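S.K.: This is the structure, below, for whatever I ask next.
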Number of protein chains: 2
Amino acid sequence: MENVNRYDVWECALAGPSAGNPFKDEWIKLCVSSRNESCETDGFYDGDGRYIVRFMPSFEGEYEYKITASFLTDEVKGRFGVLPARESNHGPVRCANTFALAHDDGTRHISLGTTCYVWELQNDELIEQTFESLKNGPFNKIRFCIFPKHYVYNLHEPRSYPYVGTPMDSSVLTKQNFNQYAGKAEGNSWDFSRFNPEHFRHIEKCIERLRDMEIQADLILFHPYDRWGFSLMTEEEDLFYIDYVIARFSAYSNVWWSLANEYDLMRKSDKQWSAIADEICQKDVYRHMRSIHNCKSIYDFNRPWCTHCSIQRNETYTTVENTDKWRARYKKPVVLDEICYEGDIEFGWGNITGEEMTRRFWETALRGGYPGHGETMTGHNDILWWSHGGKLYGESPARIAFLKQILEKVPGNGLRLDDFMRTDELRAVPSDRAYKGKLFLFYYSFMRPGSRLMHIDDTTVFDVYELDTWNMTQEYRGSHKGEFRVELPKRQYMAIMLTAR
Amino acid sequence: MENVNRYDVWECALAGPSAGNPFKDEWIKLCVSSRNESCETDGFYDGDGRYIVRFMPSFEGEYEYKITASFLTDEVKGRFGVLPARESNHGPVRCANTFALAHDDGTRHISLGTTCYVWELQNDELIEQTFESLKNGPFNKIRFCIFPKHYVYNLHEPRSYPYVGTPMDSSVLTKQNFNQYAGKAEGNSWDFSRFNPEHFRHIEKCIERLRDMEIQADLILFHPYDRWGFSLMTEEEDLFYIDYVIARFSAYSNVWWSLANEYDLMRKSDKQWSAIADEICQKDVYRHMRSIHNCKSIYDFNRPWCTHCSIQRNETYTTVENTDKWRARYKKPVVLDEICYEGDIEFGWGNITGEEMTRRFWETALRGGYPGHGETMTGHNDILWWSHGGKLYGESPARIAFLKQILEKVPGNGLRLDDFMRTDELRAVPSDRAYKGKLFLFYYSFMRPGSRLMHIDDTTVFDVYELDTWNMTQEYRGSHKGEFRVELPKRQYMAIMLTAR
């Protein structure tokens with residue numbers, strides 16, 4: 001009997017017709033059942049007369065399967081065995097409780113994301129560079145688009161297109177005139193009923209490699225930065241695309257669905273977004289994380305289909321400082337997917353310093369949210385991490401790695417702000433009652449106190465650590481109880497950690 | 001005939017009784033009249049049988065005066081002449097229009113204040129250091145208290161007390177226990193009906209020297225940082241004190257009345273504050289600037305007695321960025337008297353960097369407000385500018401001087417935000433319609449754009465200047481019209497100034 005590891009992909013390919021339009025005219029379905037679960041899921045046409053069904057088992061043990069298809073007269077039946085998960089695969093990310101994330105197997109997931117919108121549509125060399133950067137970096141989630149991107153610094157052609165057809169002549173584009181072509185479809189000729197399997201096959205290889213690096217693939221299904229017309233398809237075409245994406249990608253344990261990058265810049269109605277969300281809820285049997293990302297107007301994450309908040313900050317000055325307000329408003333995990341990018345480009349969303357990015361990460365994490373990174377540093381042949389991936393030049397990734405180490409020391413599901421906080425500090429505690437009083441994290445942000453007076457209670461003995469969040473040092477400052485003063489080096493970005501003995 | 005310069009102080013001292021309690025038992029009044037003004041104002045007892053009346057003439061020409069007093073059987077009459085003002089005295093600061101300040105003679109006043117709560121109650125050497133620092137610095141307003149201050153770093157005795165009596169024994173005070181004595185009067189013994197003229201005489205000499213340096217004296221009448229009971233006097237005692245202060249100080253052209261530092265930390269009712277304000281409105285014939293400063297809860301500056309807003313920021317993250325909102329709410333000049341201090345002390349209100357202070361100054365000024373500085377740098381024998389004056393060690397004063405130079409180039413009454421502003425810049429224009437289109441100031445705050453695309457209109461030729469607000473440089477970048485791009489050095493705190501040819 002064939003075996004597969006829990007949370008990995010079991011796949012079966014069958015030969016079938018290639019005449020006509022198999023994407024539209026044919027169908028293939030998979031039914032699986034085991035002692036613990038049973039479900040029915042759509043397969044897809046992969047081109048060249050090849051039909052594929054995929055399944056991600058959530059349990060160990062023996063599974064039976066049954067494949068039916070428009071072109072099969074008899075069901076194809078069989079069995080496969082599910083072995084324990086590989087060490088690196090903890091299953092899909094879920095909501096662990098109101099505000100926290102964890103993998104399906106219960107492993108805590110401290111989401112520290114980054115954004116590279118179309119890294120996977122670049123050339124092989126650049127893609128390999130991105131994988132290398134991710135391997136050496138702190139990020140465990142990457143947001144990217146299935147459709148190519150048209151915008152400043154994004155004028156060249158993608159490596160492939162999602163549909164069969166021909167694109168507009170992009171040789172006319174310049175940094176000056178590109179905006180005239182944005183959100184239009186003139187000059188393109190696509191058959192929205194015929195996918196280009198190679199495009200999707202390439203993306204799923206990327207998803208799979210990310211999975212094996214324990215990095216979540218936060219897939220952006222629609223976005224407005226378009227010159228091909230992929231943002232202007234009909235409702236029916238949108239759902240046809242969604243079904244294909246789910247059939248191909250949903251069996252990868254690391255997939256998240258992001259309905260859009262900046263949904264509010266697109267010409268879709270609220271009803272259309274809801275229809276897309278409904279389709280995903282119905283077709284994705286694995287219940288991957290689902291959300292939608294804004295430009296100006298934050299989506300109503302109270303809607304049941306949203307598993308979490310996916311927020312682009314929409315104020316210039318107070319940004320991640322709203323994390324705790326968003327928690328209170330939406331009562332779901334708060335993922336801040338865009339908090340400006342470390343960079344030096346023209347636009348305010350892409351020119352903050354490494355210090356400010358790092359500060360925003362700490363603010364978000366201590367307020368009980370999950371921050372997201374991005375980088376727009378120029379000077380490297382117009383290859384910017386934010387869109388193209390490649391190399392990281394910024395100063396924040398190393399600091400984000402340091403933050404990750406600290407967050408991993410927090411017991412339980414994560415942090416929340418303490419009720420007993422002064423206005424000139426962030427004071428975070430473990431969010432779980434079980435760990436109440438066990439750890440305190442004080443963060444001083446842009447302030448630079450010369451010392452701080454501490455007084456948690458009169459009896460607990462705390463080990464005291466001075467953290468320099470910028471210089472990435474942790475210094476043991478002895479054990480103390482009752483009221484005690486911690487001298488600090490009068491620099492910005494300092495923190496104090498207390499752990500109860 | 002005796003002569004005095006316009007806006008300077010004409011004074012007449014008369015001998016009178018010293019028996020009993022002259023502060024309470026006697027009175028002296030001055031009537032003056034000229035072609036342009038006439039008024040009646042109270043004089044005061046200066047000790048040692050000396051009674052003084054003072055007057056600040058607002059017009060040139062001949063004045064008649066008449067002095068009456070409880071101890072005079074006949075009026076004392078006479079005349080004095082008023083010569084043109086000295087070059088350094090432009091008269092009291094007034095509201096020039098809804099949001100701007102100007103001196104009585106029409107000279108624009110760009111208020112750039114600082115805070116040294118009890119600098120004038122230190123020893124002579126330290127006071128001279130403060131005058132020297134002010135002489136070399138950019139500040140044209142200084143906030144300080146008439147009563148001494150009790151707080152951390154403020155445990156020693158003042159050089160003098162406002163009343164006759166004896167203070168508590170301060171040898172018991174330590175950095176640890178000082179708070180137990182705050183806002184209490186035990187151990188003190190004062191006669192609140194007998195002022196100590198030496199205390200006030202010394203302060204008025206300081207006010208006069210400030211006046212001659214063209215620095216406004218923003219006098220704080222009450223404050224909560226007290227261990228002597230001066231914050232706990234009765235309503236009647238408060239008004240008795242106010243009358244004395246007005247009689248002594250109001251003839252100095254540079255006086256502003258600040259009813260309190262942090263009124264909301266004091267035990268006075270709203271009615272009491274209103275009574276104090278009423279008394280000032282009635283007794284101060286010169287109508288000096290009047291406001292009141294908060295800790296947490298911003299006062300309702302819509303009240304008619306307030307000439308302007310005097311605000312301590314009450315949020316940690318968004319502070320001076322509210323300047324334009326406060327303008328809209330109160331429709332009065334917005335003076336931000338506390339926006340945190342450049343320093344390194346324990347508390348968040350006193351440990352921001354020079355960069356952040358400078359940024360807050362620019363934000364305030366471009367949003368059409370008047371920012372205020374303060375400094376709490378340790379390491380100098382516990383002498384901190386914020387309370388004691390002395391030397392300035394911070395990095396912001398030099399940058400504030402640079403800002404002042406730029407603001408002086410703005411035609412008319414000042415700046416306001418342009419309606420056509422993007423979210424990733426501040427765009428300020430002259431507030432007066434007469435200068436519409438003549439000047440544009442773009443400020444990029446903590447962002448570090450590599451360039452900015454400009455397009456004001458198609459016809460105006462602008463001289464373009466790159467301003468580095470931190471490194472204090474102004475570089476001419478040529479003249480341009482229509483759409484043009486300004487390259488920038490990818491650093492924080494840059495600005496662009498356009499002036500129409």
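Starting from 1 in every chain, residues are counted up; chains themselves are A, B, ... following the order of the structure tokens, and ligands are numbered from 1 as listed.
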Tell me which protein, DNA and RNA residues are within 7 Å of A:Tyr63, counting only C-alpha atoms, leaving out same-chain ones fewer than 5 positions away, and put them as a list in words.
M.R.: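 After dropping sequence-adjacent residues, the list is Val32, Ser33, Ser34, Arg79, Phe80 and Gly81 of chain A.
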S.K.: Those same residues, written as a short mmCIF file (atom, residue, chain, number, x, y, z; two decimals), in the first residue's frame with N, CA and C atoms?
M.R.:
```
data_model
loop_
_atom_site.label_atom_id
_atom_site.label_comp_id
_atom_site.auth_asym_id
_atom_site.auth_seq_id
_atom_site.Cartn_x
_atom_site.Cartn_y
_atom_site.Cartn_z
N VAL A 32 -12.42 10.62 0.02
CA VAL A 32 -11.55 9.85 0.91
C VAL A 32 -12.28 9.60 2.21
N SER A 33 -11.93 8.51 2.85
CA SER A 33 -12.49 8.29 4.18
C SER A 33 -11.53 7.44 4.99
N SER A 34 -11.51 7.76 6.26
CA SER A 34 -10.69 7.00 7.20
C SER A 34 -11.49 6.95 8.49
N ARG A 79 -6.52 2.43 -1.67
CA ARG A 79 -6.21 2.77 -0.28
C ARG A 79 -4.82 3.35 -0.20
N PHE A 80 -4.62 4.13 0.83
CA PHE A 80 -3.25 4.56 1.13
C PHE A 80 -3.10 4.68 2.64
N GLY A 81 -1.87 4.58 3.08
CA GLY A 81 -1.61 4.66 4.51
C GLY A 81 -1.01 6.01 4.87
#
```
S.K.: Counting only C-alpha atoms, give me one row per residue of stretch 52-110 of chain A with an atom at most 12 Å from an atom of stretch 216-229 of chain A, showing the shortest contact pair and its distance in Å to one decimal, sorted by chain then residue number, as CSV.
M.R.:
```
residue,atom,partner,partner_atom,distance
A:Asn89,CA,A:Gln216,CA,10.9
A:His90,CA,A:Gln216,CA,11.3
A:Gly91,CA,A:Gln216,CA,10.4
A:Pro92,CA,A:Gln216,CA,8.7
A:Val93,CA,A:Gln216,CA,8.3
A:Arg94,CA,A:Gln216,CA,11.8
A:His103,CA,A:Gln216,CA,10.8
A:His109,CA,A:Gln216,CA,10.2
A:Ile110,CA,A:Gln216,CA,11.2
```
S.K.: As an exercise, work out the distance from atom CA of B:Phe59 to atom CA of B:Arg6 in Å and give it to one decimal place.
M.R.: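 One can read the atom CA of B:Phe59 to atom CA of B:Arg6 distance as 6.0 Å.
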S.K.: Set the cut-off to 6 Å and count only C-alpha atoms: what are the residues of chain B that reach chain A? Output as a list in words.
M.R.: Asp344, Ile345, Glu346, Gly348, Asn351, Ile352, Asp424, Met447, Arg448, Pro449, Gly450, Ser451, Arg452 and Lys490 of chain B
S.K.: Mind checking which residues fall within 10 Å of A:Glu466, counting only C-alpha atoms, ignoring those fewer than 6 positions away in the same chain, and posting them as a PDB file with N, CA and C atoms, in the first residue's frame?
M.R.:
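That gives us around20.pdb:
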```
ATOM      1  N   PHE A 442       8.671  44.451  29.388  1.00  0.00           N
ATOM      2  CA  PHE A 442       8.496  45.905  29.326  1.00  0.00           C
ATOM      3  C   PHE A 442       9.268  46.415  28.120  1.00  0.00           C
ATOM      4  N   THR A 473      21.026  42.246  22.135  1.00  0.00           N
ATOM      5  CA  THR A 473      21.710  41.643  23.265  1.00  0.00           C
ATOM      6  C   THR A 473      20.733  41.394  24.406  1.00  0.00           C
ATOM      7  N   GLN A 474      21.008  40.355  25.156  1.00  0.00           N
ATOM      8  CA  GLN A 474      20.241  40.043  26.356  1.00  0.00           C
ATOM      9  C   GLN A 474      21.231  39.911  27.495  1.00  0.00           C
ATOM     10  N   GLU A 475      21.044  40.736  28.516  1.00  0.00           N
ATOM     11  CA  GLU A 475      22.001  40.739  29.618  1.00  0.00           C
ATOM     12  C   GLU A 475      21.265  40.406  30.905  1.00  0.00           C
ATOM     13  N   TYR A 476      21.803  39.454  31.647  1.00  0.00           N
ATOM     14  CA  TYR A 476      21.193  39.074  32.925  1.00  0.00           C
ATOM     15  C   TYR A 476      21.525  40.133  33.963  1.00  0.00           C
ATOM     16  N   ARG A 477      20.517  40.628  34.647  1.00  0.00           N
ATOM     17  CA  ARG A 477      20.743  41.709  35.613  1.00  0.00           C
ATOM     18  C   ARG A 477      20.416  41.291  37.045  1.00  0.00           C
ATOM     19  N   GLY A 478      20.549  40.010  37.277  1.00  0.00           N
ATOM     20  CA  GLY A 478      20.368  39.527  38.649  1.00  0.00           C
ATOM     21  C   GLY A 478      18.935  39.167  38.974  1.00  0.00           C
ATOM     22  N   VAL A 486      15.855  49.132  37.841  1.00  0.00           N
ATOM     23  CA  VAL A 486      16.741  48.606  36.801  1.00  0.00           C
ATOM     24  C   VAL A 486      17.349  49.788  36.067  1.00  0.00           C
ATOM     25  N   GLU A 487      18.661  49.913  36.166  1.00  0.00           N
ATOM     26  CA  GLU A 487      19.352  50.972  35.418  1.00  0.00           C
ATOM     27  C   GLU A 487      19.373  50.585  33.947  1.00  0.00           C
ATOM     28  N   LEU A 488      19.205  51.572  33.084  1.00  0.00           N
ATOM     29  CA  LEU A 488      19.188  51.313  31.642  1.00  0.00           C
ATOM     30  C   LEU A 488      20.156  52.266  30.955  1.00  0.00           C
ATOM     31  N   PRO A 489      20.590  51.912  29.739  1.00  0.00           N
ATOM     32  CA  PRO A 489      21.684  52.673  29.124  1.00  0.00           C
ATOM     33  C   PRO A 489      21.248  53.939  28.373  1.00  0.00           C
ATOM     34  N   MET A 494      14.973  49.822  24.119  1.00  0.00           N
ATOM     35  CA  MET A 494      15.348  48.897  25.181  1.00  0.00           C
ATOM     36  C   MET A 494      14.104  48.187  25.720  1.00  0.00           C
ATOM     37  N   ALA A 495      14.330  47.022  26.318  1.00  0.00           N
ATOM     38  CA  ALA A 495      13.240  46.284  26.948  1.00  0.00           C
ATOM     39  C   ALA A 495      13.781  45.610  28.199  1.00  0.00           C
ATOM     40  N   ILE A 496      12.873  45.289  29.094  1.00  0.00           N
ATOM     41  CA  ILE A 496      13.223  44.527  30.300  1.00  0.00           C
ATOM     42  C   ILE A 496      12.321  43.297  30.344  1.00  0.00           C
ATOM     43  N   MET A 497      12.935  42.156  30.621  1.00  0.00           N
ATOM     44  CA  MET A 497      12.140  40.935  30.770  1.00  0.00           C
ATOM     45  C   MET A 497      12.316  40.417  32.194  1.00  0.00           C
ATOM     46  N   LEU A 498      11.194  40.126  32.834  1.00  0.00           N
ATOM     47  CA  LEU A 498      11.219  39.510  34.161  1.00  0.00           C
ATOM     48  C   LEU A 498      10.637  38.103  34.046  1.00  0.00           C
TER      49      LEU A 498
END
```
S.K.: Any idea what the distance is between atom CA of B:Trp470 and atom CA of B:Arg359?
M.R.: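 Computing the Euclidean distance for atom CA of B:Trp470 and atom CA of B:Arg359 yields 8.8 Å.
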S.K.: Considering only C-alpha atoms, return as a ChimeraX atom specification whatever protein or nucleic-acid residues lie within 8 Å of A:Val320, sequence-local ones (same chain, fewer than 3 positions apart) excluded.
M.R.: /A:313,323,336,339,360,363-364
S.K.: Leaving out B:Pro17 and any residue of its chain fewer than 5 positions from it, which residues lie within 8 Å of it when counting only C-alpha atoms, given as a list in words?
M.R.: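 My list of contacting residues is Pro22, Gly49 and Phe71 of chain B.
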S.K.: May I have the selected residues written with N, CA and C atoms, as a PDB file, in the first residue's frame?
M.R.:
```pdb
ATOM      1  N   PRO B  22       0.248  96.222  55.850  1.00  0.00           N
ATOM      2  CA  PRO B  22      -0.054  97.117  54.712  1.00  0.00           C
ATOM      3  C   PRO B  22      -0.619  96.373  53.496  1.00  0.00           C
ATOM      4  N   GLY B  49       7.620 100.333  53.995  1.00  0.00           N
ATOM      5  CA  GLY B  49       6.881 101.583  53.832  1.00  0.00           C
ATOM      6  C   GLY B  49       6.871 102.130  52.414  1.00  0.00           C
ATOM      7  N   PHE B  71      -3.626 105.922  52.300  1.00  0.00           N
ATOM      8  CA  PHE B  71      -2.830 106.728  53.235  1.00  0.00           C
ATOM      9  C   PHE B  71      -2.582 108.142  52.710  1.00  0.00           C
TER      10      PHE B  71
END
```
S.K.: Once DSSP has gone over the backbone, tell me which residues of stretch 268-369 of chain A are in strand (DSSP E), as a compact mmCIF listing (two decimals) with all heavy atoms, in the first residue's frame.
M.R.:
```txt
# COMPACT_ATOMS: atom_id res chain seq x y z
N MET A 289 -6.52 29.22 6.67
CA MET A 289 -6.74 30.58 7.15
C MET A 289 -7.28 31.44 6.00
O MET A 289 -6.81 31.34 4.86
CB MET A 289 -5.42 31.17 7.65
CG MET A 289 -4.80 30.43 8.83
SD MET A 289 -5.80 30.49 10.35
CE MET A 289 -5.56 32.20 10.82
N ARG A 290 -8.25 32.28 6.32
CA ARG A 290 -8.89 33.14 5.29
C ARG A 290 -8.99 34.57 5.79
O ARG A 290 -9.51 34.82 6.88
CB ARG A 290 -10.34 32.68 5.03
CG ARG A 290 -10.52 31.34 4.39
CD ARG A 290 -12.01 31.04 4.25
NE ARG A 290 -12.68 31.06 5.54
CZ ARG A 290 -12.99 29.95 6.25
NH1 ARG A 290 -12.71 28.74 5.77
NH2 ARG A 290 -13.59 30.06 7.41
N SER A 291 -8.54 35.50 4.96
CA SER A 291 -8.75 36.91 5.30
C SER A 291 -8.66 37.76 4.04
O SER A 291 -8.60 37.22 2.92
CB SER A 291 -7.76 37.38 6.37
OG SER A 291 -8.22 38.58 6.95
N CYS A 309 -7.72 38.86 11.23
CA CYS A 309 -7.56 40.18 10.62
C CYS A 309 -6.29 40.18 9.78
O CYS A 309 -5.26 39.66 10.21
CB CYS A 309 -7.40 41.26 11.68
SG CYS A 309 -8.67 41.25 12.94
N SER A 310 -6.38 40.75 8.60
CA SER A 310 -5.20 40.96 7.76
C SER A 310 -5.19 42.44 7.41
O SER A 310 -5.94 42.88 6.55
CB SER A 310 -5.30 40.10 6.50
OG SER A 310 -4.34 40.51 5.55
N ILE A 311 -4.36 43.19 8.10
CA ILE A 311 -4.51 44.64 8.10
C ILE A 311 -3.31 45.34 7.50
O ILE A 311 -2.16 45.02 7.82
CB ILE A 311 -4.76 45.14 9.54
CG1 ILE A 311 -6.12 44.62 10.05
CG2 ILE A 311 -4.70 46.67 9.63
CD1 ILE A 311 -6.45 44.99 11.48
N GLN A 312 -3.59 46.29 6.61
CA GLN A 312 -2.60 47.29 6.26
C GLN A 312 -2.91 48.52 7.09
O GLN A 312 -4.06 48.98 7.11
CB GLN A 312 -2.64 47.66 4.77
CG GLN A 312 -1.71 48.83 4.47
CD GLN A 312 -1.48 49.11 2.99
OE1 GLN A 312 -0.58 49.86 2.64
NE2 GLN A 312 -2.27 48.52 2.11
N VAL A 334 -4.87 39.08 15.17
CA VAL A 334 -4.59 40.30 14.41
C VAL A 334 -3.24 40.14 13.70
O VAL A 334 -2.19 40.13 14.34
CB VAL A 334 -4.57 41.54 15.32
CG1 VAL A 334 -4.15 42.78 14.53
CG2 VAL A 334 -5.95 41.75 15.96
N VAL A 335 -3.30 39.98 12.39
CA VAL A 335 -2.09 39.88 11.58
C VAL A 335 -1.94 41.22 10.85
O VAL A 335 -2.82 41.62 10.09
CB VAL A 335 -2.17 38.72 10.58
CG1 VAL A 335 -0.88 38.62 9.77
CG2 VAL A 335 -2.44 37.41 11.32
N LEU A 336 -0.83 41.92 11.12
CA LEU A 336 -0.59 43.21 10.47
C LEU A 336 0.32 42.99 9.28
O LEU A 336 1.54 42.92 9.41
CB LEU A 336 0.02 44.20 11.47
CG LEU A 336 -0.85 44.47 12.69
CD1 LEU A 336 -0.28 45.64 13.49
CD2 LEU A 336 -2.29 44.77 12.29
N ASP A 337 -0.30 42.84 8.12
CA ASP A 337 0.45 42.41 6.95
C ASP A 337 1.19 43.53 6.25
O ASP A 337 2.06 43.27 5.42
CB ASP A 337 -0.49 41.72 5.96
CG ASP A 337 -0.74 40.28 6.37
OD1 ASP A 337 0.24 39.63 6.75
OD2 ASP A 337 -1.88 39.83 6.31
N GLU A 338 0.83 44.75 6.56
CA GLU A 338 1.59 45.87 5.99
C GLU A 338 1.66 46.97 7.01
O GLU A 338 0.65 47.60 7.33
CB GLU A 338 0.91 46.38 4.70
CG GLU A 338 1.68 46.04 3.45
CD GLU A 338 1.21 46.81 2.24
OE1 GLU A 338 0.22 46.36 1.61
OE2 GLU A 338 1.81 47.84 1.90
N GLU A 342 10.60 48.70 5.21
CA GLU A 342 11.93 49.29 5.39
C GLU A 342 12.47 49.60 4.00
O GLU A 342 12.59 48.71 3.15
CB GLU A 342 12.86 48.31 6.12
CG GLU A 342 14.25 48.90 6.33
CD GLU A 342 15.22 48.00 7.08
OE1 GLU A 342 14.82 46.91 7.53
OE2 GLU A 342 16.40 48.40 7.21
N GLY A 343 12.79 50.85 3.76
CA GLY A 343 13.23 51.19 2.41
C GLY A 343 13.52 52.65 2.23
O GLY A 343 13.60 53.42 3.20
```
S.K.: How far is it from atom CA of A:Gly16 to atom CA of A:Gln282, in Å with one decimal?
M.R.: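 Separation of atom CA of A:Gly16 and atom CA of A:Gln282: 26.2 Å.
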S.K.: Extract the full set of helix (DSSP H, G or I) residues from stretch 27-217 of chain B according to DSSP on the backbone, and format it as a PyMOL selection string.
M.R.: chain B and resi 119-121+124-136+170-172+178-181+197-212
S.K.: Fewer than 2 positions away in the same chain doesn't count, so skip those; otherwise give me all residues within 12 Å of B:Phe144, counting only C-alpha atoms, as a PyMOL selection string.
M.R.: chain B and resi 113-121+141-142+146-149+203+206-207+216-223+255-261+337+374+385-389
S.K.: Name the closest residue to A:Gly47 among the candidates A:Gly437, A:Pro197, A:Gly61, A:Pro138; distances are taken between atoms, counting only C-alpha atoms.
M.R.: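 Answer, going by the shortest atom-to-atom distance: A:Pro197.
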